[in-house]
$ cat query19.txt   # compact mmCIF, N, CA and C atoms
# COMPACT_ATOMS: atom_id res chain seq x y z
N MET M 1 -13.35 24.83 15.48
CA MET M 1 -11.96 24.91 15.06
C MET M 1 -11.10 25.37 16.23
N SER M 2 -9.85 24.99 16.16
CA SER M 2 -8.93 25.39 17.21
C SER M 2 -8.18 26.65 16.79
N SER M 3 -7.46 27.21 17.72
CA SER M 3 -6.71 28.43 17.47
C SER M 3 -5.48 28.12 16.60
N ILE M 4 -5.22 29.00 15.67
CA ILE M 4 -4.07 28.87 14.77
C ILE M 4 -3.19 30.11 14.89
N THR M 5 -1.97 30.00 14.42
CA THR M 5 -1.06 31.14 14.31
C THR M 5 -0.58 31.20 12.88
N LEU M 6 -0.75 32.35 12.27
CA LEU M 6 -0.34 32.58 10.90
C LEU M 6 0.69 33.70 10.86
N HIS M 7 1.69 33.54 10.00
CA HIS M 7 2.72 34.55 9.83
C HIS M 7 2.71 35.05 8.40
N GLY M 8 3.06 36.31 8.22
CA GLY M 8 3.12 36.87 6.88
C GLY M 8 4.01 38.08 6.82
N SER M 9 4.21 38.57 5.59
CA SER M 9 5.06 39.74 5.41
C SER M 9 4.76 40.39 4.06
N CYS M 10 5.36 41.53 3.85
CA CYS M 10 5.22 42.23 2.57
C CYS M 10 6.31 41.74 1.62
N LEU M 11 6.25 42.18 0.38
CA LEU M 11 7.19 41.76 -0.65
C LEU M 11 8.64 42.12 -0.31
N CYS M 12 8.86 43.32 0.20
CA CYS M 12 10.24 43.74 0.49
C CYS M 12 10.74 43.23 1.84
N GLY M 13 9.86 42.67 2.65
CA GLY M 13 10.25 42.10 3.93
C GLY M 13 10.35 43.10 5.07
N ALA M 14 10.06 44.35 4.82
CA ALA M 14 10.17 45.37 5.87
C ALA M 14 9.08 45.22 6.93
N ILE M 15 7.91 44.70 6.53
CA ILE M 15 6.81 44.51 7.47
C ILE M 15 6.54 43.02 7.63
N SER M 16 6.42 42.59 8.87
CA SER M 16 6.01 41.21 9.14
C SER M 16 4.99 41.22 10.26
N TYR M 17 4.13 40.19 10.26
CA TYR M 17 3.04 40.14 11.23
C TYR M 17 2.76 38.72 11.68
N LYS M 18 1.98 38.65 12.75
CA LYS M 18 1.48 37.38 13.27
C LYS M 18 0.00 37.56 13.58
N ALA M 19 -0.82 36.64 13.10
CA ALA M 19 -2.25 36.64 13.40
C ALA M 19 -2.57 35.35 14.14
N THR M 20 -3.30 35.46 15.23
CA THR M 20 -3.68 34.28 15.99
C THR M 20 -5.18 34.29 16.21
N GLY M 21 -5.76 33.11 16.23
CA GLY M 21 -7.19 33.00 16.47
C GLY M 21 -7.80 31.86 15.70
N GLU M 22 -9.09 32.00 15.40
CA GLU M 22 -9.85 30.97 14.72
C GLU M 22 -10.17 31.41 13.29
N GLU M 23 -9.77 30.58 12.33
CA GLU M 23 -10.11 30.88 10.95
C GLU M 23 -11.61 30.79 10.79
N LYS M 24 -12.21 31.83 10.22
CA LYS M 24 -13.67 31.89 10.10
C LYS M 24 -14.16 31.79 8.65
N ARG M 25 -13.56 32.58 7.77
CA ARG M 25 -14.00 32.63 6.38
C ARG M 25 -12.79 32.81 5.47
N PHE M 26 -12.92 32.28 4.26
CA PHE M 26 -11.86 32.45 3.26
C PHE M 26 -12.57 32.59 1.92
N TYR M 27 -12.54 33.80 1.36
CA TYR M 27 -13.29 34.10 0.15
C TYR M 27 -12.38 34.64 -0.95
N HIS M 28 -12.80 34.38 -2.19
CA HIS M 28 -12.28 35.09 -3.35
C HIS M 28 -13.32 36.17 -3.62
N CYS M 29 -12.93 37.43 -3.51
CA CYS M 29 -13.87 38.53 -3.70
C CYS M 29 -13.67 39.17 -5.07
N HIS M 30 -14.76 39.27 -5.83
CA HIS M 30 -14.72 39.81 -7.18
C HIS M 30 -15.26 41.24 -7.26
N CYS M 31 -15.46 41.92 -6.13
CA CYS M 31 -16.00 43.28 -6.16
C CYS M 31 -15.01 44.21 -6.86
N SER M 32 -15.51 45.33 -7.36
CA SER M 32 -14.65 46.25 -8.11
C SER M 32 -13.53 46.83 -7.26
N ARG M 33 -13.77 47.05 -5.99
CA ARG M 33 -12.70 47.59 -5.13
C ARG M 33 -11.57 46.58 -4.96
N CYS M 34 -11.92 45.33 -4.72
CA CYS M 34 -10.88 44.30 -4.57
C CYS M 34 -10.12 44.10 -5.88
N ARG M 35 -10.82 44.17 -7.00
CA ARG M 35 -10.14 44.04 -8.29
C ARG M 35 -9.15 45.18 -8.49
N LYS M 36 -9.59 46.38 -8.19
CA LYS M 36 -8.72 47.54 -8.41
C LYS M 36 -7.51 47.55 -7.46
N VAL M 37 -7.74 47.18 -6.21
CA VAL M 37 -6.65 47.24 -5.23
C VAL M 37 -5.61 46.14 -5.47
N THR M 38 -6.02 45.03 -6.08
CA THR M 38 -5.07 43.95 -6.35
C THR M 38 -4.53 44.01 -7.77
N GLY M 39 -5.28 44.66 -8.68
CA GLY M 39 -4.87 44.66 -10.07
C GLY M 39 -5.13 43.31 -10.74
N THR M 40 -5.97 42.49 -10.13
CA THR M 40 -6.29 41.16 -10.64
C THR M 40 -7.81 40.99 -10.69
N GLY M 41 -8.25 39.80 -11.06
CA GLY M 41 -9.67 39.53 -11.19
C GLY M 41 -10.40 39.33 -9.88
N HIS M 42 -9.67 39.05 -8.81
CA HIS M 42 -10.28 38.90 -7.49
C HIS M 42 -9.21 39.01 -6.41
N ALA M 43 -9.65 39.24 -5.20
CA ALA M 43 -8.77 39.22 -4.04
C ALA M 43 -9.09 37.97 -3.22
N SER M 44 -8.08 37.33 -2.67
CA SER M 44 -8.27 36.18 -1.80
C SER M 44 -8.06 36.66 -0.37
N ASN M 45 -9.14 36.62 0.42
CA ASN M 45 -9.12 37.20 1.76
C ASN M 45 -9.50 36.17 2.82
N LEU M 46 -8.69 36.08 3.84
CA LEU M 46 -8.91 35.18 4.97
C LEU M 46 -9.32 36.02 6.17
N PHE M 47 -10.35 35.57 6.89
CA PHE M 47 -10.83 36.26 8.07
C PHE M 47 -10.57 35.39 9.29
N VAL M 48 -9.86 35.95 10.28
CA VAL M 48 -9.51 35.24 11.49
C VAL M 48 -10.08 35.99 12.69
N LYS M 49 -10.89 35.30 13.48
CA LYS M 49 -11.41 35.89 14.72
C LYS M 49 -10.30 35.78 15.74
N GLY M 50 -9.69 36.90 16.10
CA GLY M 50 -8.55 36.82 17.00
C GLY M 50 -7.78 38.11 17.10
N ALA M 51 -6.47 38.01 16.99
CA ALA M 51 -5.59 39.15 17.23
C ALA M 51 -4.53 39.26 16.15
N LEU M 52 -4.05 40.47 15.96
CA LEU M 52 -3.00 40.78 14.99
C LEU M 52 -1.88 41.51 15.72
N SER M 53 -0.64 41.05 15.52
CA SER M 53 0.51 41.76 16.09
C SER M 53 1.57 41.94 15.01
N TRP M 54 2.21 43.09 15.06
CA TRP M 54 3.24 43.42 14.08
C TRP M 54 4.58 43.01 14.63
N GLN M 55 5.32 42.21 13.89
CA GLN M 55 6.64 41.75 14.31
C GLN M 55 7.71 42.75 13.90
N SER M 56 7.48 43.44 12.79
CA SER M 56 8.41 44.49 12.33
C SER M 56 7.68 45.41 11.35
N GLY M 57 8.16 46.64 11.27
CA GLY M 57 7.72 47.57 10.25
C GLY M 57 6.36 48.22 10.39
N GLU M 58 5.76 48.16 11.56
CA GLU M 58 4.42 48.74 11.71
C GLU M 58 4.38 50.21 11.29
N ASP M 59 5.47 50.93 11.51
CA ASP M 59 5.52 52.35 11.16
C ASP M 59 5.53 52.58 9.64
N LEU M 60 5.69 51.52 8.86
CA LEU M 60 5.70 51.64 7.40
C LEU M 60 4.33 51.39 6.78
N LEU M 61 3.33 51.10 7.60
CA LEU M 61 1.99 50.85 7.10
C LEU M 61 1.31 52.14 6.65
N THR M 62 0.61 52.05 5.54
CA THR M 62 -0.18 53.15 5.02
C THR M 62 -1.58 52.62 4.76
N SER M 63 -2.59 53.46 4.90
CA SER M 63 -3.96 53.04 4.65
C SER M 63 -4.65 53.99 3.69
N TYR M 64 -5.59 53.43 2.96
CA TYR M 64 -6.43 54.23 2.09
C TYR M 64 -7.86 53.73 2.21
N VAL M 65 -8.79 54.65 2.46
CA VAL M 65 -10.21 54.33 2.51
C VAL M 65 -10.89 55.14 1.40
N PRO M 66 -11.50 54.45 0.43
CA PRO M 66 -12.17 55.19 -0.65
C PRO M 66 -13.34 56.01 -0.10
N PRO M 67 -13.64 57.16 -0.70
CA PRO M 67 -14.79 57.95 -0.26
C PRO M 67 -16.07 57.10 -0.29
N GLY M 68 -16.82 57.18 0.79
CA GLY M 68 -18.08 56.45 0.88
C GLY M 68 -17.97 55.02 1.35
N ALA M 69 -16.76 54.51 1.51
CA ALA M 69 -16.59 53.13 1.96
C ALA M 69 -16.86 53.02 3.45
N THR M 70 -17.59 51.99 3.84
CA THR M 70 -17.84 51.77 5.26
C THR M 70 -17.06 50.57 5.80
N ARG M 71 -16.82 49.56 4.96
CA ARG M 71 -16.13 48.36 5.41
C ARG M 71 -14.81 48.12 4.68
N PHE M 72 -14.52 48.89 3.67
CA PHE M 72 -13.33 48.65 2.85
C PHE M 72 -12.20 49.57 3.29
N ARG M 73 -11.03 48.99 3.46
CA ARG M 73 -9.82 49.76 3.75
C ARG M 73 -8.66 49.01 3.13
N ASN M 74 -7.81 49.71 2.42
CA ASN M 74 -6.61 49.09 1.87
C ASN M 74 -5.44 49.48 2.76
N ARG M 75 -4.80 48.50 3.33
CA ARG M 75 -3.64 48.71 4.18
C ARG M 75 -2.45 48.12 3.45
N PHE M 76 -1.36 48.87 3.33
CA PHE M 76 -0.24 48.41 2.51
C PHE M 76 1.09 48.96 2.99
N CYS M 77 2.15 48.31 2.54
CA CYS M 77 3.51 48.74 2.86
C CYS M 77 3.84 49.99 2.05
N SER M 78 4.36 51.01 2.73
CA SER M 78 4.69 52.26 2.03
C SER M 78 5.94 52.14 1.17
N ILE M 79 6.69 51.04 1.30
CA ILE M 79 7.88 50.84 0.48
C ILE M 79 7.54 50.07 -0.80
N CYS M 80 6.96 48.88 -0.65
CA CYS M 80 6.74 48.01 -1.81
C CYS M 80 5.29 47.94 -2.28
N GLY M 81 4.35 48.46 -1.49
CA GLY M 81 2.94 48.49 -1.89
C GLY M 81 2.15 47.22 -1.60
N SER M 82 2.79 46.22 -1.00
CA SER M 82 2.07 44.97 -0.70
C SER M 82 0.92 45.21 0.26
N ARG M 83 -0.22 44.55 -0.02
CA ARG M 83 -1.37 44.64 0.88
C ARG M 83 -1.05 43.93 2.19
N MET M 84 -1.46 44.53 3.27
CA MET M 84 -1.20 43.99 4.60
C MET M 84 -2.52 43.81 5.36
N PRO M 85 -2.50 42.99 6.40
CA PRO M 85 -3.73 42.75 7.17
C PRO M 85 -4.17 43.99 7.94
N ARG M 86 -5.41 43.92 8.37
CA ARG M 86 -5.93 44.96 9.27
C ARG M 86 -6.82 44.29 10.29
N TYR M 87 -6.93 44.92 11.43
CA TYR M 87 -7.77 44.40 12.50
C TYR M 87 -9.03 45.24 12.57
N ASP M 88 -10.18 44.60 12.54
CA ASP M 88 -11.46 45.28 12.66
C ASP M 88 -11.95 45.11 14.10
N GLU M 89 -11.84 46.18 14.88
CA GLU M 89 -12.22 46.12 16.29
C GLU M 89 -13.69 45.79 16.50
N GLY M 90 -14.54 46.31 15.64
CA GLY M 90 -15.97 46.08 15.76
C GLY M 90 -16.35 44.61 15.69
N TYR M 91 -15.61 43.85 14.90
CA TYR M 91 -15.89 42.43 14.73
C TYR M 91 -14.88 41.54 15.44
N GLY M 92 -13.80 42.13 15.96
CA GLY M 92 -12.75 41.33 16.60
C GLY M 92 -12.10 40.39 15.61
N THR M 93 -11.99 40.86 14.36
CA THR M 93 -11.54 40.00 13.28
C THR M 93 -10.34 40.59 12.55
N VAL M 94 -9.41 39.72 12.20
CA VAL M 94 -8.26 40.10 11.40
C VAL M 94 -8.59 39.78 9.94
N PHE M 95 -8.49 40.76 9.08
CA PHE M 95 -8.72 40.63 7.66
C PHE M 95 -7.35 40.47 7.01
N ILE M 96 -7.08 39.30 6.42
CA ILE M 96 -5.75 39.01 5.89
C ILE M 96 -5.79 38.83 4.38
N PRO M 97 -5.07 39.66 3.63
CA PRO M 97 -4.89 39.38 2.21
C PRO M 97 -4.05 38.10 2.12
N ALA M 98 -4.65 37.02 1.63
CA ALA M 98 -4.02 35.70 1.70
C ALA M 98 -2.66 35.64 1.01
N GLY M 99 -2.45 36.47 0.00
CA GLY M 99 -1.16 36.47 -0.68
C GLY M 99 0.00 36.93 0.19
N SER M 100 -0.29 37.58 1.30
CA SER M 100 0.78 38.05 2.20
C SER M 100 1.21 36.97 3.19
N LEU M 101 0.50 35.85 3.22
CA LEU M 101 0.80 34.79 4.19
C LEU M 101 2.06 34.00 3.83
N GLU M 102 2.83 33.66 4.85
CA GLU M 102 3.94 32.73 4.71
C GLU M 102 3.56 31.37 5.28
N THR M 103 2.56 31.36 6.14
CA THR M 103 2.02 30.14 6.71
C THR M 103 0.82 29.71 5.87
N VAL M 104 0.71 28.42 5.61
CA VAL M 104 -0.44 27.92 4.86
C VAL M 104 -1.62 27.78 5.82
N PRO M 105 -2.74 28.44 5.55
CA PRO M 105 -3.90 28.32 6.44
C PRO M 105 -4.47 26.90 6.37
N SER M 106 -5.18 26.51 7.42
CA SER M 106 -5.75 25.17 7.43
C SER M 106 -7.02 25.09 6.59
N MET M 107 -7.67 26.21 6.35
CA MET M 107 -8.88 26.17 5.53
C MET M 107 -8.59 26.61 4.11
N GLN M 108 -9.38 26.13 3.19
CA GLN M 108 -9.29 26.47 1.78
C GLN M 108 -10.35 27.53 1.46
N PRO M 109 -10.17 28.29 0.37
CA PRO M 109 -11.23 29.22 -0.01
C PRO M 109 -12.56 28.47 -0.14
N GLU M 110 -13.62 29.09 0.39
CA GLU M 110 -14.90 28.40 0.44
C GLU M 110 -15.95 28.98 -0.49
N ALA M 111 -15.70 30.17 -1.01
CA ALA M 111 -16.71 30.77 -1.89
C ALA M 111 -16.10 31.92 -2.67
N ARG M 112 -16.77 32.26 -3.75
CA ARG M 112 -16.46 33.47 -4.52
C ARG M 112 -17.59 34.45 -4.20
N ILE M 113 -17.23 35.62 -3.69
CA ILE M 113 -18.25 36.60 -3.34
C ILE M 113 -18.23 37.75 -4.34
N PHE M 114 -19.33 38.45 -4.43
CA PHE M 114 -19.53 39.51 -5.42
C PHE M 114 -19.26 38.98 -6.83
N PHE M 115 -19.64 37.72 -7.04
CA PHE M 115 -19.41 37.07 -8.33
C PHE M 115 -20.17 37.78 -9.45
N GLY M 116 -21.27 38.43 -9.11
CA GLY M 116 -22.02 39.20 -10.10
C GLY M 116 -21.23 40.38 -10.62
N SER M 117 -20.20 40.81 -9.88
CA SER M 117 -19.33 41.91 -10.31
C SER M 117 -18.11 41.41 -11.06
N ARG M 118 -17.99 40.10 -11.19
CA ARG M 118 -16.83 39.48 -11.84
C ARG M 118 -16.67 40.00 -13.26
N THR M 119 -15.41 40.24 -13.66
CA THR M 119 -15.14 40.63 -15.04
C THR M 119 -15.12 39.37 -15.90
N PRO M 120 -15.49 39.49 -17.17
CA PRO M 120 -15.53 38.31 -18.03
C PRO M 120 -14.18 37.60 -18.18
N TRP M 121 -13.08 38.33 -18.00
CA TRP M 121 -11.76 37.73 -18.18
C TRP M 121 -11.20 37.12 -16.90
N SER M 122 -11.87 37.29 -15.78
CA SER M 122 -11.37 36.79 -14.50
C SER M 122 -11.41 35.26 -14.44
N CYS M 123 -10.38 34.71 -13.85
CA CYS M 123 -10.34 33.25 -13.71
C CYS M 123 -11.43 32.81 -12.72
N CYS M 124 -11.97 31.66 -12.98
CA CYS M 124 -12.99 31.13 -12.07
C CYS M 124 -12.70 29.67 -11.73
N GLY M 125 -11.51 29.19 -12.06
CA GLY M 125 -11.12 27.85 -11.66
C GLY M 125 -11.54 26.76 -12.63
N THR M 126 -12.10 27.13 -13.75
CA THR M 126 -12.49 26.11 -14.73
C THR M 126 -12.15 26.59 -16.13
N GLY M 127 -11.94 25.64 -17.01
CA GLY M 127 -11.76 25.96 -18.40
C GLY M 127 -10.38 26.39 -18.84
N PHE M 128 -9.41 26.46 -17.95
CA PHE M 128 -8.06 26.87 -18.31
C PHE M 128 -7.08 25.73 -18.06
N PRO M 129 -6.07 25.61 -18.91
CA PRO M 129 -5.01 24.63 -18.61
C PRO M 129 -4.26 25.08 -17.35
N GLU M 130 -3.68 24.14 -16.66
CA GLU M 130 -2.92 24.45 -15.45
C GLU M 130 -1.49 23.97 -15.62
N TYR M 131 -0.55 24.80 -15.17
CA TYR M 131 0.87 24.47 -15.30
C TYR M 131 1.55 24.66 -13.95
N ASP M 132 2.46 23.76 -13.62
CA ASP M 132 3.18 23.84 -12.36
C ASP M 132 4.22 24.94 -12.36
N GLU M 133 4.73 25.28 -13.55
CA GLU M 133 5.74 26.31 -13.66
C GLU M 133 5.38 27.23 -14.81
N TYR M 134 6.22 28.20 -15.08
CA TYR M 134 5.99 29.15 -16.17
C TYR M 134 5.96 28.39 -17.48
N ARG M 135 5.02 28.69 -18.32
CA ARG M 135 4.91 28.01 -19.61
C ARG M 135 5.64 28.83 -20.66
N THR M 136 6.55 28.18 -21.37
CA THR M 136 7.25 28.84 -22.46
C THR M 136 6.56 28.48 -23.78
N ARG M 137 6.66 29.37 -24.72
CA ARG M 137 6.07 29.13 -26.05
C ARG M 137 6.87 28.06 -26.76
N GLU M 138 6.17 27.21 -27.47
CA GLU M 138 6.85 26.13 -28.19
C GLU M 138 7.01 26.45 -29.64

$ encode --input "query19.txt" --output "C-alpha cells"
Amino acid sequence: MSSITLHGSCLCGAISYKATGEEKRFYHCHCSRCRKVTGTGHASNLFVKGALSWQSGEDLLTSYVPPGATRFRNRFCSICGSRMPRYDEGYGTVFIPAGSLETVPSMQPEARIFFGSRTPWSCCGTGFPEYDEYRTRE
C-alpha cells in the first residue's frame, strides 16, 4: 500500500489532526473496554503505520488508562469528550477511532475482534433493516 493522509477532528471542532502513513488494520472491536468507552456495541479502529500531528487543540487532549491496562488508552477532547487518536511509539502506529475521521480511509473494516465478548444486542451487520435516513414511525 502507498502512503495516505487522513484528517479528523472532535465533535466541537477544537481539536484537529492529521495522520500520515500506511493503513495496516481496520477492526470493529467488541471488547468490554471498547464498548464502555464508546457507549456502543463496538469501536471501529483504524491502525496507520506512520505519524500523527495535531493541527489544533493538542492542549485540550485528556487521557485515561484503566488500572491494569497495558495496551488500552482512551484519549479524548476535554471539551466535548470525543475520542481522539493516539500514537504508539513502540509500534510506530497511529491508533485512530474511525468515527473521528473526516477523510474516508481507503481500506474497509476487515474483521470483528474480541467477538466472543460481543453483547447479544450488538449489531453484527446482518439481520437488521437498513435505512439511508432516520426512520419515522408510521

$ residues_near_point --input "query19.txt" --point "(-6.3, 45.5, 4.0)" --cutoff "8 Å" --atoms "only N, CA and C atoms" --output "MDAnalysis selection string"
chainID M and resid 63 72:76 83:87 95:97

$ residues_around --input "query19.txt" --residues "Gly99 of chain M" --least-positions-apart "5" --cutoff "10 Å" --atoms "only C-alpha atoms" --output "ChimeraX atom specification"
/M:8-11,43-46,82-84

$ closest_residue --input "query19.txt" --among "M:Thr70, M:Ser78, M:His42, M:Ile4" --to "Ser106 of chain M" --atoms "all atoms listed in the file"
M:Ile4

$ atom_distance --input "query19.txt" --atom1 "atom C of Val65 of chain M" --atom2 "atom CA of Asp88 of chain M"
15.0 Å

$ residues_around --input "query19.txt" --residues "Lys24 of chain M" --least-positions-apart "2" --cutoff "7 Å" --atoms "only N, CA and C atoms" --output "PyMOL selection string"
chain M and resi 22+26+46-49

$ write_last_selection --input "query19.txt" --atoms "N, CA and C atoms" --output "compact mmCIF listing (two decimals), in the coordinates of the input"
# COMPACT_ATOMS: atom_id res chain seq x y z
N GLU M 22 -9.09 32.00 15.40
CA GLU M 22 -9.85 30.97 14.72
C GLU M 22 -10.17 31.41 13.29
N PHE M 26 -12.92 32.28 4.26
CA PHE M 26 -11.86 32.45 3.26
C PHE M 26 -12.57 32.59 1.92
N LEU M 46 -8.69 36.08 3.84
CA LEU M 46 -8.91 35.18 4.97
C LEU M 46 -9.32 36.02 6.17
N PHE M 47 -10.35 35.57 6.89
CA PHE M 47 -10.83 36.26 8.07
C PHE M 47 -10.57 35.39 9.29
N VAL M 48 -9.86 35.95 10.28
CA VAL M 48 -9.51 35.24 11.49
C VAL M 48 -10.08 35.99 12.69
N LYS M 49 -10.89 35.30 13.48
CA LYS M 49 -11.41 35.89 14.72
C LYS M 49 -10.30 35.78 15.74

$ select_by_dssp --input "query19.txt" --residues "chain M" --states "strand (DSSP E or B)" --output "PyMOL selection string"
chain M and resi 4-9+16-29+43-56+61-64+74-77+83+86-88+93-97+101+111-113

$ residues_around --input "query19.txt" --residues "Ser122 of chain M" --least-positions-apart "4" --cutoff "10 Å" --atoms "only C-alpha atoms" --output "JSON list (two decimals) with N, CA and C atoms, keeping the file's coordinate frame"
[["chain", "number", "residue", "atom", "x", "y", "z"],
["M", 30, "HIS", "N", -14.76, 39.27, -5.83],
["M", 30, "HIS", "CA", -14.72, 39.81, -7.18],
["M", 30, "HIS", "C", -15.26, 41.24, -7.26],
["M", 35, "ARG", "N", -10.82, 44.17, -7.00],
["M", 35, "ARG", "CA", -10.14, 44.04, -8.29],
["M", 35, "ARG", "C", -9.15, 45.18, -8.49],
["M", 40, "THR", "N", -5.97, 42.49, -10.13],
["M", 40, "THR", "CA", -6.29, 41.16, -10.64],
["M", 40, "THR", "C", -7.81, 40.99, -10.69],
["M", 41, "GLY", "N", -8.25, 39.80, -11.06],
["M", 41, "GLY", "CA", -9.67, 39.53, -11.19],
["M", 41, "GLY", "C", -10.40, 39.33, -9.88],
["M", 42, "HIS", "N", -9.67, 39.05, -8.81],
["M", 42, "HIS", "CA", -10.28, 38.90, -7.49],
["M", 42, "HIS", "C", -9.21, 39.01, -6.41],
["M", 118, "ARG", "N", -17.99, 40.10, -11.19],
["M", 118, "ARG", "CA", -16.83, 39.48, -11.84],
["M", 118, "ARG", "C", -16.67, 40.00, -13.26]]

$ atom_distance --input "query19.txt" --atom1 "atom CA of Arg71 of chain M" --atom2 "atom CA of Cys29 of chain M"
13.6 Å

$ atom_distance --input "query19.txt" --atom1 "atom CA of Val94 of chain M" --atom2 "atom CA of Ala19 of chain M"
7.2 Å

$ closest_residue --input "query19.txt" --among "M:Arg33, M:Tyr91, M:Lys18, M:Cys80" --to "Ser53 of chain M" --atoms "only N, CA and C atoms"
M:Lys18

$ select_by_dssp --input "query19.txt" --residues "chain M" --states "helix (DSSP H, G or I)" --output "PyMOL selection string"
chain M and resi 32-38+58-60+98-100+115-117

$ closest_residue --input "query19.txt" --among "M:Ser2, M:Glu133, M:Cys77, M:Phe114" --to "Ala14 of chain M" --atoms "only C-alpha atoms"
M:Cys77

$ closest_residue --input "query19.txt" --among "M:Trp121, M:His28, M:Ser56, M:Cys34" --to "Ser16 of chain M" --atoms "all atoms listed in the file"
M:Ser56

$ closest_residue --input "query19.txt" --among "M:Arg135, M:Phe115, M:Gly13, M:Val104" --to "Glu58 of chain M" --atoms "only C-alpha atoms"
M:Gly13

$ axis_aligned_box --input "query19.txt" --around "segment 117-121 of chain M" --padding-each-side "3 Å" --output "AutoDock Vina command-line options"
--center_x -15.7 --center_y 39.5 --center_z -14.0 --size_x 15.0 --size_y 10.8 --size_z 14.3

$ decode --input "query19.txt" --residues "segment 46-107 of chain M" --atoms "C-alpha atoms" --output "mmCIF file, in the first residue's frame"
data_model
loop_
_atom_site.group_PDB
_atom_site.id
_atom_site.type_symbol
_atom_site.label_atom_id
_atom_site.label_comp_id
_atom_site.auth_asym_id
_atom_site.auth_seq_id
_atom_site.Cartn_x
_atom_site.Cartn_y
_atom_site.Cartn_z
ATOM 1 C CA LEU M 46 -8.049 2.125 12.136
ATOM 2 C CA PHE M 47 -4.321 1.493 12.577
ATOM 3 C CA VAL M 48 -1.859 3.502 10.470
ATOM 4 C CA LYS M 49 1.882 2.823 10.458
ATOM 5 C CA GLY M 50 3.196 6.356 10.322
ATOM 6 C CA ALA M 51 2.901 9.692 12.068
ATOM 7 C CA LEU M 52 0.331 11.804 13.884
ATOM 8 C CA SER M 53 0.358 15.603 14.031
ATOM 9 C CA TRP M 54 -2.054 17.914 15.792
ATOM 10 C CA GLN M 55 -3.356 20.784 13.670
ATOM 11 C CA SER M 56 -5.172 22.449 16.583
ATOM 12 C CA GLY M 57 -6.183 21.876 20.183
ATOM 13 C CA GLU M 58 -3.463 19.494 21.348
ATOM 14 C CA ASP M 59 -3.563 21.142 24.782
ATOM 15 C CA LEU M 60 -7.215 20.046 25.119
ATOM 16 C CA LEU M 61 -6.401 16.334 24.962
ATOM 17 C CA THR M 62 -7.065 14.210 28.019
ATOM 18 C CA SER M 63 -6.142 10.562 28.535
ATOM 19 C CA TYR M 64 -7.389 7.776 30.719
ATOM 20 C CA VAL M 65 -5.701 4.399 31.211
ATOM 21 C CA PRO M 66 -7.732 1.838 33.174
ATOM 22 C CA PRO M 67 -5.892 0.125 36.049
ATOM 23 C CA GLY M 68 -4.057 -2.937 34.762
ATOM 24 C CA ALA M 69 -4.299 -1.960 31.095
ATOM 25 C CA THR M 70 -1.139 -2.450 29.065
ATOM 26 C CA ARG M 71 -2.328 -1.559 25.546
ATOM 27 C CA PHE M 72 -5.555 0.352 26.141
ATOM 28 C CA ARG M 73 -5.688 4.125 26.474
ATOM 29 C CA ASN M 74 -8.645 6.412 25.916
ATOM 30 C CA ARG M 75 -7.625 9.777 24.504
ATOM 31 C CA PHE M 76 -10.369 12.376 24.214
ATOM 32 C CA CYS M 77 -11.255 16.043 23.915
ATOM 33 C CA SER M 78 -11.649 17.669 27.328
ATOM 34 C CA ILE M 79 -14.464 19.875 25.976
ATOM 35 C CA CYS M 80 -16.789 17.518 24.072
ATOM 36 C CA GLY M 81 -15.463 14.066 25.071
ATOM 37 C CA SER M 82 -14.840 12.835 21.509
ATOM 38 C CA ARG M 83 -12.300 10.022 21.235
ATOM 39 C CA MET M 84 -9.094 11.127 19.563
ATOM 40 C CA PRO M 85 -6.146 9.261 18.023
ATOM 41 C CA ARG M 86 -3.006 8.314 19.847
ATOM 42 C CA TYR M 87 0.456 7.428 18.673
ATOM 43 C CA ASP M 88 2.055 4.231 19.964
ATOM 44 C CA GLU M 89 5.816 4.778 19.864
ATOM 45 C CA GLY M 90 6.599 1.121 20.490
ATOM 46 C CA TYR M 91 4.830 0.094 17.291
ATOM 47 C CA GLY M 92 5.233 3.324 15.304
ATOM 48 C CA THR M 93 1.499 3.182 14.781
ATOM 49 C CA VAL M 94 -1.316 5.704 14.956
ATOM 50 C CA PHE M 95 -4.470 4.295 16.555
ATOM 51 C CA ILE M 96 -7.447 6.185 15.093
ATOM 52 C CA PRO M 97 -11.024 5.980 16.349
ATOM 53 C CA ALA M 98 -12.587 5.839 12.870
ATOM 54 C CA GLY M 99 -15.574 7.970 13.865
ATOM 55 C CA SER M 100 -13.256 10.963 14.304
ATOM 56 C CA LEU M 101 -12.147 10.850 10.654
ATOM 57 C CA GLU M 102 -13.180 13.476 8.116
ATOM 58 C CA THR M 103 -11.261 11.705 5.359
ATOM 59 C CA VAL M 104 -12.603 8.387 4.103
ATOM 60 C CA PRO M 105 -9.891 5.724 4.522
ATOM 61 C CA SER M 106 -9.042 3.594 1.502
ATOM 62 C CA MET M 107 -9.496 0.342 3.410
#
